[in-house]
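Peer 1: File start-v7.txt follows (compact mmCIF, C-alpha atoms):
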# COMPACT_ATOMS: atom_id res chain seq x y z
CA MET G 1 171.88 154.09 -38.26
CA ASN G 2 170.16 151.84 -35.75
CA ARG G 3 170.23 152.19 -31.99
CA GLU G 4 172.82 149.43 -31.45
CA GLN G 5 175.33 151.10 -33.74
CA THR G 6 174.86 154.44 -32.00
CA GLY G 7 175.39 152.84 -28.58
CA THR G 8 178.53 151.07 -29.75
CA ASP G 9 179.90 154.27 -31.27
CA GLY G 10 179.21 156.14 -28.02
CA CYS G 11 181.03 153.45 -26.02
CA ALA G 12 183.99 153.63 -28.38
CA ARG G 13 184.19 157.42 -28.04
CA SER G 14 183.86 157.18 -24.27
CA ALA G 15 186.66 154.63 -24.16
CA LEU G 16 188.82 156.72 -26.50
CA TRP G 17 188.56 159.90 -24.42
CA GLY G 18 189.00 157.98 -21.17
CA ARG G 19 192.15 156.36 -22.54
CA LEU G 20 193.50 159.69 -23.78
CA ALA G 21 192.85 161.32 -20.38
CA GLY G 22 194.52 158.35 -18.68
CA THR G 23 197.49 158.56 -21.01
CA TRP G 24 197.81 162.30 -20.34
CA ALA G 25 197.72 161.74 -16.57
CA THR G 26 200.22 158.85 -16.76
CA ALA G 27 202.67 160.90 -18.84
CA PHE G 28 202.41 163.81 -16.40
CA ALA G 29 202.92 161.45 -13.44
CA ALA G 30 205.99 159.92 -15.11
CA LEU G 31 207.46 163.38 -15.67
CA HIS G 32 206.95 164.33 -12.02
CA PHE G 33 208.49 161.05 -10.80
CA TYR G 34 211.46 161.62 -13.12
CA TRP G 35 211.95 165.04 -11.57
CA ALA G 36 211.46 163.69 -8.03
CA LEU G 37 214.21 161.13 -8.64
CA GLY G 38 216.65 163.87 -9.61
CA GLY G 39 215.95 164.48 -13.30
CA ASP G 40 216.10 168.08 -14.35
CA VAL G 41 215.20 168.27 -18.05
CA GLY G 42 212.38 170.79 -18.30
CA LEU G 43 212.05 171.34 -14.56
CA ASP G 44 213.81 174.70 -14.52
CA THR G 45 211.47 176.03 -17.21
CA SER G 46 208.48 174.64 -15.32
CA ALA G 47 209.23 175.46 -11.69
CA GLY G 48 211.88 178.16 -11.98
CA PRO G 49 213.83 178.87 -8.77
CA LEU G 50 212.14 176.01 -6.90
CA ALA G 51 213.78 173.59 -9.31
CA THR G 52 217.29 174.73 -8.52
CA GLU G 53 216.72 174.86 -4.76
CA ARG G 54 214.86 171.48 -4.57
CA ARG G 55 213.53 172.13 -1.11
CA LEU G 56 212.17 169.04 0.65
CA TRP G 57 208.58 170.28 0.67
CA PHE G 58 208.78 170.93 -3.09
CA VAL G 59 210.10 167.44 -3.84
CA ILE G 60 207.57 165.72 -1.57
CA ALA G 61 204.44 167.75 -2.33
CA GLY G 62 205.23 169.27 -5.71
CA LEU G 63 206.85 166.28 -7.39
CA TRP G 64 205.95 163.04 -5.58
CA GLY G 65 202.55 164.38 -4.53
CA VAL G 66 201.54 165.66 -7.94
CA GLY G 67 202.80 162.43 -9.51
CA ALA G 68 200.64 160.39 -7.14
CA LEU G 69 197.59 162.57 -7.85
CA CYS G 70 198.19 162.09 -11.56
CA LEU G 71 198.19 158.30 -11.08
CA LEU G 72 194.84 158.62 -9.30
CA GLY G 73 193.69 160.65 -12.31
CA THR G 74 194.80 157.77 -14.52
CA LEU G 75 192.63 155.35 -12.52
CA LEU G 76 189.71 157.74 -12.72
CA ALA G 77 190.10 158.16 -16.48
CA TRP G 78 190.26 154.41 -17.04
CA SER G 79 187.19 153.97 -14.83
CA LEU G 80 185.28 156.28 -17.15
CA THR G 81 185.89 153.81 -19.98
CA LYS G 82 184.20 151.07 -17.95
CA GLY G 83 181.48 153.11 -16.27
CA ARG G 84 182.66 152.23 -12.76
CA LEU G 85 185.79 151.40 -10.76
CA ARG G 86 185.44 148.53 -8.28
CA GLY G 87 182.06 149.54 -6.96
CA ILE G 88 182.37 153.30 -7.45
CA PRO G 89 179.30 154.42 -9.40
CA ALA G 90 179.82 156.25 -12.66
CA LEU G 91 178.16 159.52 -11.57
CA PRO G 92 180.73 160.49 -8.89
CA ALA G 93 183.54 159.50 -11.29
CA ARG G 94 182.09 161.78 -13.97
CA ARG G 95 181.69 164.63 -11.50
CA LEU G 96 185.28 164.23 -10.36
CA ALA G 97 186.44 164.16 -14.00
CA TRP G 98 184.51 167.40 -14.63
CA ALA G 99 186.19 168.97 -11.58
CA ILE G 100 189.62 167.88 -12.81
CA SER G 101 188.80 169.25 -16.24
CA ALA G 102 187.78 172.61 -14.77
CA LEU G 103 190.90 172.77 -12.60
CA LEU G 104 193.27 171.97 -15.49
CA LEU G 105 191.54 174.36 -17.89
CA THR G 106 191.50 177.14 -15.30
CA ARG G 107 195.20 176.63 -14.61
CA GLY G 108 196.17 176.45 -18.29
CA ILE G 109 194.00 179.26 -19.61
CA GLY G 110 194.31 181.44 -16.50
CA ILE G 111 198.12 181.45 -16.44
CA GLU G 112 198.21 181.89 -20.22
CA VAL G 113 196.00 184.99 -19.96
CA LEU G 114 197.99 186.40 -17.02
CA LEU G 115 201.28 185.97 -18.89
CA LEU G 116 199.96 187.34 -22.17
CA THR G 117 198.50 190.41 -20.46
CA HIS G 118 201.84 191.02 -18.70
CA THR G 119 200.52 190.99 -15.17
CA THR G 120 203.17 192.82 -13.15
CA HIS G 121 203.46 190.37 -10.24
CA LEU G 122 204.12 187.37 -12.51
CA ASN G 123 206.52 189.19 -14.79
CA THR G 124 208.87 189.98 -11.93
CA SER G 125 208.86 186.43 -10.55
CA ILE G 126 209.68 184.46 -13.72
CA GLY G 127 212.33 184.87 -16.37
CA ASP G 128 211.87 185.28 -20.12
CA GLN G 129 212.83 181.66 -20.89
CA GLN G 130 210.43 180.29 -18.28
CA GLN G 131 207.65 182.51 -19.59
CA ALA G 132 208.23 181.40 -23.19
CA TRP G 133 208.17 177.69 -22.27
CA THR G 134 205.11 178.20 -20.09
CA LEU G 135 203.23 179.89 -22.93
CA ALA G 136 204.34 177.42 -25.60
CA LEU G 137 204.40 174.09 -23.75
CA TRP G 138 203.15 173.93 -20.17
CA ASN G 139 199.88 175.85 -20.45
CA PRO G 140 198.83 174.06 -23.65
CA TRP G 141 199.67 170.78 -21.86
CA PHE G 142 197.27 171.68 -19.02
CA ILE G 143 194.61 172.76 -21.52
CA ALA G 144 194.97 169.44 -23.39
CA GLY G 145 194.56 167.55 -20.11
CA GLY G 146 191.50 169.59 -19.19
CA LEU G 147 189.92 168.96 -22.57
CA THR G 148 190.56 165.21 -22.47
CA PHE G 149 189.13 164.83 -18.96
CA GLY G 150 186.12 166.96 -19.91
CA LEU G 151 185.46 164.96 -23.07
CA ALA G 152 185.94 161.69 -21.15
CA ALA G 153 183.36 162.83 -18.58
CA LEU G 154 180.98 164.02 -21.30
CA HIS G 155 181.13 160.81 -23.30
CA ALA G 156 181.00 158.62 -20.18
CA GLY G 157 177.78 160.42 -19.28
CA ARG G 158 176.36 159.76 -22.71
CA GLN G 159 177.41 156.13 -22.48
CA ALA G 160 175.66 155.81 -19.11
CA ASP G 161 172.53 157.42 -20.58
CA THR G 162 172.43 154.87 -23.43
CA LYS G 163 172.90 151.98 -20.98
CA THR G 164 170.05 153.09 -18.69
CA PRO G 165 167.18 150.65 -19.17
CA PRO G 166 163.81 152.20 -19.92
CA THR G 167 161.40 152.37 -17.02
CA PRO G 168 158.24 150.29 -17.48
CA ASP G 169 154.98 152.21 -17.92
CA ARG G 170 152.35 151.52 -15.30
Let me see whether you can do it: turn the structure in this file into structure tokens.

Peer 2:
Amino acid sequence: MNREQTGTDGCARSALWGRLAGTWATAFAALHFYWALGGDVGLDTSAGPLATERRLWFVIAGLWGVGALCLLGTLLAWSLTKGRLRGIPALPARRLAWAISALLLTRGIGIEVLLLTHTTHLNTSIGDQQQAWTLALWNPWFIAGGLTFGLAALHAGRQADTKTPPTPDR
């Protein structure tokens, strides 16, 4: 395989993972906006008692706020497919994508481990149905998001490395 084919393949993979991360973030934003507008499907198994109470701070920060952050994540993910976003260099975008990946993976894996090891504090604060849905759906969803952002950052870094022009020898 020649160098041009490898570069093109790397760009395609970078674009693929960036699009998948963007799609993940957009879907999560849409779900939070649905809940913020009064939808309740899945909210009780996600947020438990907060969902039934719908306190103002929860709706503003937990639903609208998280939805808005997810849309910013969508922009970041799409920027990784291009290498930059309106003047923002690729390196800070990749670092931010790595940070998002770490946050999502820590949340998904950390809560999964805490629930599976029957940590006393968590077991008294959530019901059996909420725990089952968290183990089967929500934590894997966070893990999938963390993996897609991590792979988008990884492949965007490789794409940037292949685009870097060689320095002339003196």

Peer 1: Excluding same-chain residues fewer than 5 positions from segment 30-34 of chain G, what lies within 7 Å of it counting only C-alpha atoms, as a list in words?

Peer 2: Gly39, Leu63, Trp64, Val66 and Gly67 of chain G

Peer 1: List as a tab-separated table (two decimals) with C-alpha atoms, keeping the file's coordinate frame the residues having at least one atom at most 9 Å from position (188.1, 158.0, -20.1) as given in the file, counting all atoms listed in the file.

Peer 2:
chain	number	residue	atom	x	y	z
G	13	ARG	CA	184.19	157.42	-28.04
G	14	SER	CA	183.86	157.18	-24.27
G	15	ALA	CA	186.66	154.63	-24.16
G	16	LEU	CA	188.82	156.72	-26.50
G	17	TRP	CA	188.56	159.90	-24.42
G	18	GLY	CA	189.00	157.98	-21.17
G	19	ARG	CA	192.15	156.36	-22.54
G	20	LEU	CA	193.50	159.69	-23.78
G	21	ALA	CA	192.85	161.32	-20.38
G	22	GLY	CA	194.52	158.35	-18.68
G	74	THR	CA	194.80	157.77	-14.52
G	76	LEU	CA	189.71	157.74	-12.72
G	77	ALA	CA	190.10	158.16	-16.48
G	78	TRP	CA	190.26	154.41	-17.04
G	79	SER	CA	187.19	153.97	-14.83
G	80	LEU	CA	185.28	156.28	-17.15
G	81	THR	CA	185.89	153.81	-19.98
G	82	LYS	CA	184.20	151.07	-17.95
G	97	ALA	CA	186.44	164.16	-14.00
G	148	THR	CA	190.56	165.21	-22.47
G	149	PHE	CA	189.13	164.83	-18.96
G	151	LEU	CA	185.46	164.96	-23.07
G	152	ALA	CA	185.94	161.69	-21.15
G	153	ALA	CA	183.36	162.83	-18.58
G	155	HIS	CA	181.13	160.81	-23.30
G	156	ALA	CA	181.00	158.62	-20.18

Peer 1: In Å to one decimal, how far is atom CA of Ser46 of chain G from atom CA of Trp138 of chain G?

Peer 2: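 Separation of atom CA of Trp138 of chain G and atom CA of Ser46 of chain G: 7.2 Å.
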
Peer 1: Need the neighbours of (197.2, 179.9, -17.3): which residues are at most 12 Å away, counting only C-alpha atoms, as an MDAnalysis selection string?

Peer 2: chainID G and resid 103:117 119 122 131 134:143 146

Peer 1: Using only C-alpha atoms, which of the listed residues (G:Ala12, G:Arg95, G:Gln130, G:Trp24) sits closest to Ala51 of chain G?

Peer 2: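 Nearest candidate to Ala51 of chain G out of G:Ala12, G:Arg95, G:Gln130, G:Trp24: G:Gln130.
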
Peer 1: Between atom CA of Gly145 of chain G and atom CA of Thr52 of chain G, what is the distance in Å, rounded to a tenth?

Peer 2: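 Interatomic distance, atom CA of Gly145 of chain G to atom CA of Thr52 of chain G: 26.5 Å.
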
Peer 1: Hey, can you check how far atom CA of Ala29 of chain G sits from atom CA of Gly127 of chain G?

Peer 2: 25.4 Å

Peer 1: Could you check which of G:Cys70, G:Thr26, G:Ala36, G:Leu96 is closest to Phe58 of chain G, using all atoms listed in the file?

Peer 2: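 Ranked by minimum distance to Phe58 of chain G, first place goes to G:Ala36.
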
Peer 1: With 5 Å on each side, where is the centre of the axis-aligned box around all listed atoms of segment 73-84 of chain G, and how long are its edges in Å to one decimal, as lines of an AutoDock Vina configuration file?

Peer 2:
center_x = 188.1
center_y = 155.9
center_z = -16.1
size_x = 23.3
size_y = 19.6
size_z = 17.7

Peer 1: I need the residue nearest Ala132 of chain G from this list: G:Leu147, G:Thr45, G:Gly157, G:Ala102. Use all atoms listed in the file for the distance.

Peer 2: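 Nearest candidate to Ala132 of chain G out of G:Leu147, G:Thr45, G:Gly157, G:Ala102: G:Thr45.
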